[in-house]
Amino acid sequence: MKKIIVYTHSDCLLKDNGPNHPEKKERVQIILKSIQNISSIDIDIKNAPLADVRNIYLVHPSTHINNIFSLIPNSGLTGIEKEPYADTLLCPKSKKAILRSCGAGIAAADSLIRENEKRIFCAVRPPGHHAETVRANGFCFVNNVAVTARYLQSKYEINKIAIIDFDVHHGNGTQEIFFKDETVAYGSIHEFPLFPGTGSEQEKGMGNIFNEPILAGTEGKDFIKILENKILNNIDKFRPEIILISAGFDAHKRDPLAHINLESKDYYTLTKRILNLAKNLCNGKVVSILEGGYDLNALKESVDYHVKSLMEYQ
């Protein structure tokens, strides 16, 4: 039976954003329950460790991280943004959730290199791709995929890494962190205009940033075609040693925070396209880290297809 490693932790469920907030614990709960029922795949679920803050400091300065943790309340919720986006919230249990979410990517990197694993999925929250070097925003505090990339470079001397982001929102944090770094390529397909308002085609960094903004109403077949032609072709030319995925599932037609029309099964196909590239470039080494996706049933179905594709195209 085919097997996949999934890093997660119950501490990720302790992060509370209050009633009616779209980024809620049920997102991870429904994913884990569903993927464990996929009969054709052996899911090896492992506990994500607490991230060593020294690894987080590879991306975010210690003063910034210490400031975030100092704002964690003893009770209730504390928002850390100004209006109109005051929805990035801290609760008393935030610290462990943030450290587990980041720790999953670090553990996945270790499994990738030390144990020669090929495909790993991190079912974690809070998400990370909006977190900039010194600014938390968009539900994100620590940029999980960026820390994973820097950790791979620092610990294992991996040179070139590609990050492919198919979340419907542009990963402004990931772009900002690597904007002047030719060793990391960042490719994003995202609805535009939409929060956070970044991600135009003119934002190219050192020639390592590949943005493809798409219009509301884009259908799945067009989304996949654009991803392949505009993002994956550029990643192919970059020749990374490892591919990381910022896996957001909010381009689904049922997602309440966007207006793109992917079907659940489209995530199987777009994942397959990424994996075909990974097999040609980097011996199939891929780590996928959960970002957005806010309709629970759409998220469950889409992640099922994503995980199936991760396994079947090894």
# chains A, B, ... in the order shown; residues from 1 in each chain; ligands from 1
$ residues_around --residues "Leu310 in chain A" --least-positions-apart "2" --cutoff "9 Å" --atoms "only C-alpha atoms" --output "list in words"
Ile4, Arg119, Ile120, Phe121, Tyr268, Thr271, Lys272, Leu275, Val286, Tyr305, His306, Val307, Lys308, Glu312, Tyr313 and Gln314 of chain A
$ residues_around --residues "Asp110 in chain A" --least-positions-apart "5" --cutoff "9 Å" --atoms "only C-alpha atoms" --output "list in words"
Gly105, Glu115, Asn116, Leu152 and Tyr156 of chain A
$ write_last_selection --atoms "N, CA and C atoms" --output "mmCIF file, in the first residue's frame"
data_model
loop_
_atom_site.group_PDB
_atom_site.id
_atom_site.type_symbol
_atom_site.label_atom_id
_atom_site.label_comp_id
_atom_site.auth_asym_id
_atom_site.auth_seq_id
_atom_site.Cartn_x
_atom_site.Cartn_y
_atom_site.Cartn_z
ATOM 1 N N GLY A 105 7.007 22.016 9.091
ATOM 2 C CA GLY A 105 7.835 22.174 7.896
ATOM 3 C C GLY A 105 9.286 21.816 8.149
ATOM 4 N N GLU A 115 15.814 10.926 5.845
ATOM 5 C CA GLU A 115 15.141 9.640 5.619
ATOM 6 C C GLU A 115 14.806 9.407 4.152
ATOM 7 N N ASN A 116 15.207 10.358 3.318
ATOM 8 C CA ASN A 116 14.986 10.258 1.871
ATOM 9 C C ASN A 116 13.506 10.075 1.515
ATOM 10 N N LEU A 152 16.356 24.387 5.146
ATOM 11 C CA LEU A 152 16.984 23.465 4.201
ATOM 12 C C LEU A 152 18.306 24.020 3.698
ATOM 13 N N TYR A 156 21.200 21.883 5.550
ATOM 14 C CA TYR A 156 21.602 20.843 4.600
ATOM 15 C C TYR A 156 22.307 21.383 3.364
#
$ closest_residue --among "A:Gln202, A:Asn261, A:Asp250, A:Ile235" --to "Thr218 in chain A" --atoms "only C-alpha atoms"
A:Asn261
$ select_by_dssp --residues "range 31-109 of chain A" --states "helix (DSSP H, G or I)" --output "MDAnalysis selection string"
chainID A and resid 31:35 53:56 62:70 94:109
$ residues_around --residues "Ile177 in chain A" --least-positions-apart "6" --cutoff "8 Å" --atoms "only C-alpha atoms" --output "list in words"
Val59, Glu132, Thr133 and Ala146 of chain A
$ write_last_selection --atoms "N, CA, C and O atoms" --output "mmCIF file, in the first residue's frame"
data_model
loop_
_atom_site.group_PDB
_atom_site.id
_atom_site.type_symbol
_atom_site.label_atom_id
_atom_site.label_comp_id
_atom_site.auth_asym_id
_atom_site.auth_seq_id
_atom_site.Cartn_x
_atom_site.Cartn_y
_atom_site.Cartn_z
ATOM 1 N N VAL A 59 14.474 33.695 9.275
ATOM 2 C CA VAL A 59 13.573 34.499 8.438
ATOM 3 C C VAL A 59 13.114 35.760 9.155
ATOM 4 O O VAL A 59 13.152 36.850 8.594
ATOM 5 N N GLU A 132 5.239 38.552 6.571
ATOM 6 C CA GLU A 132 6.445 39.178 6.040
ATOM 7 C C GLU A 132 7.551 39.134 7.089
ATOM 8 O O GLU A 132 7.339 38.680 8.220
ATOM 9 N N THR A 133 8.721 39.624 6.731
ATOM 10 C CA THR A 133 9.868 39.557 7.630
ATOM 11 C C THR A 133 9.544 40.135 9.000
ATOM 12 O O THR A 133 9.852 39.529 10.037
ATOM 13 N N ALA A 146 8.661 29.710 4.210
ATOM 14 C CA ALA A 146 9.929 30.431 4.116
ATOM 15 C C ALA A 146 10.939 29.891 5.121
ATOM 16 O O ALA A 146 12.132 29.739 4.799
#
$ closest_residue --among "A:Ile226, A:Ile158, A:Leu232, A:Met206" --to "Lys180 in chain A" --atoms "only C-alpha atoms"
A:Met206
$ residues_around --residues "Asn283 in chain A" --least-positions-apart "2" --cutoff "9 Å" --atoms "only C-alpha atoms" --output "list in words"
Lys118, Glu241, Ile242, Ala278, Lys279, Asn280, Leu281 and Lys285 of chain A
$ closest_atom_pairs --of "range 100-179 of chain A" --to "range 211-216 of chain A" --cutoff "12 Å" --atoms "only C-alpha atoms" --output "tab-separated table"
residue	atom	partner	partner_atom	distance
A:Ile163	CA	A:Asn211	CA	11.8
A:Ile164	CA	A:Asn211	CA	10.3
A:Asp165	CA	A:Asn211	CA	9.6
A:Phe166	CA	A:Glu212	CA	10.2
A:Asp167	CA	A:Pro213	CA	11.6
A:Val168	CA	A:Ile214	CA	9.3
A:His169	CA	A:Pro213	CA	9.6
A:His170	CA	A:Pro213	CA	8.4
A:Gly171	CA	A:Asn211	CA	9.9
A:Asn172	CA	A:Asn211	CA	10.7
A:Thr174	CA	A:Asn211	CA	11.9
A:Gln175	CA	A:Asn211	CA	9.5
A:Phe179	CA	A:Asn211	CA	11.9
$ closest_residue --among "A:Cys140, A:Ile5, A:Leu77, A:Val287" --to "Ile45 in chain A" --atoms "only C-alpha atoms"
A:Ile5
$ residues_around --residues "Ile161 in chain A" --least-positions-apart "6" --cutoff "9 Å" --atoms "only C-alpha atoms" --output "short mmCIF file (atom, residue, chain, number, x, y, z; two decimals) with all heavy atoms, in the first residue's frame"
data_model
loop_
_atom_site.label_atom_id
_atom_site.label_comp_id
_atom_site.auth_asym_id
_atom_site.auth_seq_id
_atom_site.Cartn_x
_atom_site.Cartn_y
_atom_site.Cartn_z
N ALA A 149 12.29 26.65 3.83
CA ALA A 149 13.29 26.88 2.78
C ALA A 149 14.64 27.29 3.37
O ALA A 149 15.69 26.75 3.00
CB ALA A 149 12.79 27.94 1.80
N LEU A 152 16.36 24.39 5.15
CA LEU A 152 16.98 23.46 4.20
C LEU A 152 18.31 24.02 3.70
O LEU A 152 19.29 23.28 3.56
CB LEU A 152 16.04 23.22 3.02
CG LEU A 152 14.90 22.23 3.27
CD1 LEU A 152 13.82 22.38 2.21
CD2 LEU A 152 15.43 20.79 3.29
N GLN A 153 18.35 25.31 3.44
CA GLN A 153 19.58 25.92 2.96
C GLN A 153 20.65 25.97 4.05
O GLN A 153 21.83 25.73 3.79
CB GLN A 153 19.30 27.32 2.43
CG GLN A 153 18.48 27.33 1.15
CD GLN A 153 18.22 28.73 0.63
OE1 GLN A 153 17.96 29.65 1.40
NE2 GLN A 153 18.28 28.91 -0.68
N THR A 183 18.45 32.63 -4.90
CA THR A 183 18.52 31.20 -4.62
C THR A 183 17.14 30.58 -4.37
O THR A 183 17.03 29.36 -4.29
CB THR A 183 19.40 30.91 -3.38
OG1 THR A 183 18.75 31.38 -2.19
CG2 THR A 183 20.77 31.55 -3.52
N VAL A 184 16.12 31.41 -4.23
CA VAL A 184 14.77 30.91 -4.02
C VAL A 184 13.84 31.51 -5.07
O VAL A 184 13.74 32.73 -5.20
CB VAL A 184 14.25 31.27 -2.60
CG1 VAL A 184 12.80 30.79 -2.43
CG2 VAL A 184 15.14 30.63 -1.53
N ALA A 185 13.17 30.65 -5.80
CA ALA A 185 12.16 31.10 -6.77
C ALA A 185 10.79 31.00 -6.12
O ALA A 185 10.49 30.04 -5.42
CB ALA A 185 12.21 30.25 -8.03
N TYR A 186 9.96 32.02 -6.37
CA TYR A 186 8.60 32.01 -5.85
C TYR A 186 7.63 32.21 -7.01
O TYR A 186 7.72 33.21 -7.74
CB TYR A 186 8.41 33.13 -4.81
CG TYR A 186 6.98 33.27 -4.34
CD1 TYR A 186 6.38 32.27 -3.57
CD2 TYR A 186 6.22 34.40 -4.66
CE1 TYR A 186 5.07 32.40 -3.14
CE2 TYR A 186 4.92 34.53 -4.24
CZ TYR A 186 4.34 33.53 -3.47
OH TYR A 186 3.04 33.63 -3.06
N PHE A 238 14.41 27.48 -13.67
CA PHE A 238 15.16 27.81 -12.46
C PHE A 238 15.98 26.62 -11.95
O PHE A 238 17.03 26.80 -11.33
CB PHE A 238 14.18 28.28 -11.38
CG PHE A 238 14.81 28.66 -10.07
CD1 PHE A 238 15.51 29.85 -9.92
CD2 PHE A 238 14.70 27.82 -8.97
CE1 PHE A 238 16.08 30.20 -8.71
CE2 PHE A 238 15.26 28.16 -7.74
CZ PHE A 238 15.96 29.35 -7.62
N ARG A 239 15.48 25.40 -12.18
CA ARG A 239 16.17 24.16 -11.80
C ARG A 239 16.39 24.02 -10.29
O ARG A 239 17.52 23.91 -9.80
CB ARG A 239 17.52 24.02 -12.51
CG ARG A 239 17.52 24.33 -14.00
CD ARG A 239 16.57 23.47 -14.79
NE ARG A 239 16.99 22.07 -14.85
CZ ARG A 239 16.31 21.13 -15.50
NH1 ARG A 239 15.17 21.43 -16.09
NH2 ARG A 239 16.75 19.89 -15.52
N PRO A 240 15.33 23.99 -9.50
CA PRO A 240 15.49 23.85 -8.04
C PRO A 240 15.89 22.43 -7.64
O PRO A 240 15.65 21.47 -8.38
CB PRO A 240 14.09 24.18 -7.52
CG PRO A 240 13.18 23.72 -8.62
CD PRO A 240 13.91 24.06 -9.89
N GLU A 241 16.46 22.33 -6.45
CA GLU A 241 16.81 21.02 -5.89
C GLU A 241 15.67 20.43 -5.09
O GLU A 241 15.60 19.21 -4.89
CB GLU A 241 18.04 21.17 -5.00
CG GLU A 241 19.29 21.62 -5.74
CD GLU A 241 20.37 22.10 -4.81
OE1 GLU A 241 20.80 21.31 -3.94
OE2 GLU A 241 20.79 23.27 -4.93
N ILE A 242 14.78 21.28 -4.60
CA ILE A 242 13.60 20.86 -3.83
C ILE A 242 12.47 21.82 -4.17
O ILE A 242 12.69 23.02 -4.38
CB ILE A 242 13.89 20.88 -2.31
CG1 ILE A 242 14.84 19.74 -1.93
CG2 ILE A 242 12.60 20.78 -1.49
CD1 ILE A 242 15.32 19.78 -0.49
N ILE A 243 11.24 21.29 -4.21
CA ILE A 243 10.05 22.12 -4.41
C ILE A 243 9.20 22.10 -3.14
O ILE A 243 8.89 21.04 -2.60
CB ILE A 243 9.23 21.64 -5.61
CG1 ILE A 243 9.98 21.90 -6.92
CG2 ILE A 243 7.85 22.31 -5.65
CD1 ILE A 243 9.30 21.38 -8.17
N LEU A 244 8.85 23.28 -2.67
CA LEU A 244 7.91 23.45 -1.56
C LEU A 244 6.61 24.01 -2.12
O LEU A 244 6.63 24.85 -3.03
CB LEU A 244 8.49 24.39 -0.51
CG LEU A 244 9.88 24.06 0.04
CD1 LEU A 244 10.31 25.12 1.06
CD2 LEU A 244 9.90 22.68 0.68
#
$ closest_residue --among "A:Lys3, A:Lys155, A:Arg273, A:Thr63" --to "Ile38 in chain A" --atoms "only C-alpha atoms"
A:Lys3
$ select_by_dssp --residues "range 127-297 of chain A" --states "strand (DSSP E)" --output "ChimeraX atom specification"
/A:161-165,184-191,209-214,242-247,286-290
$ atom_distance --atom1 "CA of Ser10 in chain A" --atom2 "CA of Ala97 in chain A"
8.5 Å
$ atom_distance --atom1 "CA of Ser94 in chain A" --atom2 "CA of Leu14 in chain A"
7.2 Å
$ closest_residue --among "A:Val134, A:Ala51, A:Ile209, A:Ile56" --to "Ala108 in chain A" --atoms "only C-alpha atoms"
A:Ala51
$ atom_distance --atom1 "CA of Asp295 in chain A" --atom2 "CA of Phe69 in chain A"
29.2 Å
$ closest_residue --among "A:Pro19, A:Gly173, A:Gly103, A:Gly76" --to "Gly138 in chain A" --atoms "only C-alpha atoms"
A:Gly173
$ decode --residues "range 108-151 of chain A" --atoms "N, CA and C atoms" --output "compact mmCIF listing (two decimals), in the first residue's frame"
# COMPACT_ATOMS: atom_id res chain seq x y z
N ALA A 108 9.49 18.12 8.33
CA ALA A 108 9.35 17.59 6.98
C ALA A 108 10.67 17.71 6.22
N ALA A 109 11.37 18.82 6.41
CA ALA A 109 12.67 19.00 5.77
C ALA A 109 13.66 17.93 6.24
N ASP A 110 13.66 17.65 7.54
CA ASP A 110 14.53 16.59 8.07
C ASP A 110 14.19 15.23 7.46
N SER A 111 12.89 14.92 7.37
CA SER A 111 12.47 13.64 6.79
C SER A 111 12.86 13.55 5.33
N LEU A 112 12.76 14.66 4.64
CA LEU A 112 13.10 14.70 3.21
C LEU A 112 14.57 14.36 2.99
N ILE A 113 15.43 14.91 3.83
CA ILE A 113 16.87 14.75 3.63
C ILE A 113 17.41 13.51 4.36
N ARG A 114 17.11 13.41 5.63
CA ARG A 114 17.71 12.32 6.43
C ARG A 114 17.12 10.96 6.10
N GLU A 115 15.81 10.93 5.84
CA GLU A 115 15.14 9.64 5.62
C GLU A 115 14.81 9.41 4.15
N ASN A 116 15.21 10.36 3.32
CA ASN A 116 14.99 10.26 1.87
C ASN A 116 13.51 10.07 1.51
N GLU A 117 12.63 10.67 2.31
CA GLU A 117 11.21 10.68 1.96
C GLU A 117 11.01 11.61 0.77
N LYS A 118 9.98 11.34 -0.03
CA LYS A 118 9.76 12.13 -1.23
C LYS A 118 8.58 13.08 -1.13
N ARG A 119 7.53 12.67 -0.45
CA ARG A 119 6.30 13.46 -0.44
C ARG A 119 5.79 13.59 1.00
N ILE A 120 5.64 14.82 1.46
CA ILE A 120 5.19 15.08 2.83
C ILE A 120 4.18 16.20 2.80
N PHE A 121 3.11 16.03 3.57
CA PHE A 121 2.07 17.06 3.68
C PHE A 121 1.98 17.52 5.12
N CYS A 122 1.94 18.82 5.32
CA CYS A 122 1.83 19.41 6.66
C CYS A 122 0.42 19.97 6.84
N ALA A 123 -0.38 19.29 7.66
CA ALA A 123 -1.76 19.71 7.93
C ALA A 123 -1.75 20.55 9.20
N VAL A 124 -1.51 21.85 9.03
CA VAL A 124 -1.26 22.71 10.17
C VAL A 124 -2.00 24.04 10.03
N ARG A 125 -2.11 24.71 11.14
CA ARG A 125 -2.60 26.07 11.22
C ARG A 125 -2.00 26.69 12.48
N PRO A 126 -1.80 28.01 12.54
CA PRO A 126 -2.16 29.01 11.54
C PRO A 126 -1.31 28.90 10.28
N PRO A 127 -1.84 29.43 9.16
CA PRO A 127 -1.09 29.44 7.91
C PRO A 127 0.06 30.43 7.98
N GLY A 128 0.81 30.58 6.87
CA GLY A 128 2.02 31.39 6.97
C GLY A 128 2.37 32.31 5.83
N HIS A 129 1.81 32.14 4.62
CA HIS A 129 2.41 32.80 3.47
C HIS A 129 2.21 34.31 3.40
N HIS A 130 1.34 34.86 4.24
CA HIS A 130 1.20 36.32 4.29
C HIS A 130 2.20 36.97 5.26
N ALA A 131 2.83 36.18 6.11
CA ALA A 131 3.74 36.74 7.12
C ALA A 131 5.01 37.26 6.46
N GLU A 132 5.24 38.55 6.57
CA GLU A 132 6.44 39.18 6.04
C GLU A 132 7.55 39.13 7.09
N THR A 133 8.72 39.62 6.73
CA THR A 133 9.87 39.56 7.63
C THR A 133 9.54 40.13 9.00
N VAL A 134 8.91 41.30 9.04
CA VAL A 134 8.60 41.95 10.33
C VAL A 134 7.14 42.40 10.37
N ARG A 135 6.25 41.68 9.69
CA ARG A 135 4.83 42.04 9.76
C ARG A 135 3.96 40.79 9.68
N ALA A 136 3.19 40.57 10.74
CA ALA A 136 2.18 39.51 10.73
C ALA A 136 0.91 40.09 10.12
N ASN A 137 0.25 39.31 9.27
CA ASN A 137 -0.99 39.77 8.65
C ASN A 137 -1.66 38.59 7.96
N GLY A 138 -2.92 38.77 7.56
CA GLY A 138 -3.64 37.75 6.81
C GLY A 138 -3.73 36.41 7.50
N PHE A 139 -3.97 36.41 8.82
CA PHE A 139 -4.08 35.22 9.67
C PHE A 139 -2.72 34.58 9.95
N CYS A 140 -1.61 35.18 9.47
CA CYS A 140 -0.30 34.54 9.50
C CYS A 140 0.67 35.29 10.42
N PHE A 141 1.46 34.54 11.17
CA PHE A 141 2.42 35.12 12.11
C PHE A 141 3.86 34.79 11.72
N VAL A 142 4.11 33.51 11.44
CA VAL A 142 5.42 33.03 11.01
C VAL A 142 5.25 32.42 9.62
N ASN A 143 6.15 32.73 8.71
CA ASN A 143 6.04 32.21 7.36
C ASN A 143 6.62 30.80 7.31
N ASN A 144 5.73 29.81 7.44
CA ASN A 144 6.16 28.42 7.58
C ASN A 144 6.98 27.93 6.39
N VAL A 145 6.53 28.24 5.19
CA VAL A 145 7.23 27.73 4.01
C VAL A 145 8.58 28.43 3.84
N ALA A 146 8.66 29.71 4.21
CA ALA A 146 9.93 30.43 4.12
C ALA A 146 10.94 29.89 5.12
N VAL A 147 10.48 29.61 6.35
CA VAL A 147 11.39 29.04 7.35
C VAL A 147 11.88 27.67 6.89
N THR A 148 10.98 26.87 6.31
CA THR A 148 11.39 25.56 5.80
C THR A 148 12.47 25.70 4.73
N ALA A 149 12.29 26.65 3.83
CA ALA A 149 13.29 26.88 2.78
C ALA A 149 14.64 27.29 3.37
N ARG A 150 14.61 28.26 4.28
CA ARG A 150 15.86 28.73 4.88
C ARG A 150 16.53 27.64 5.72
N TYR A 151 15.73 26.83 6.39
CA TYR A 151 16.27 25.73 7.18
C TYR A 151 16.98 24.72 6.27
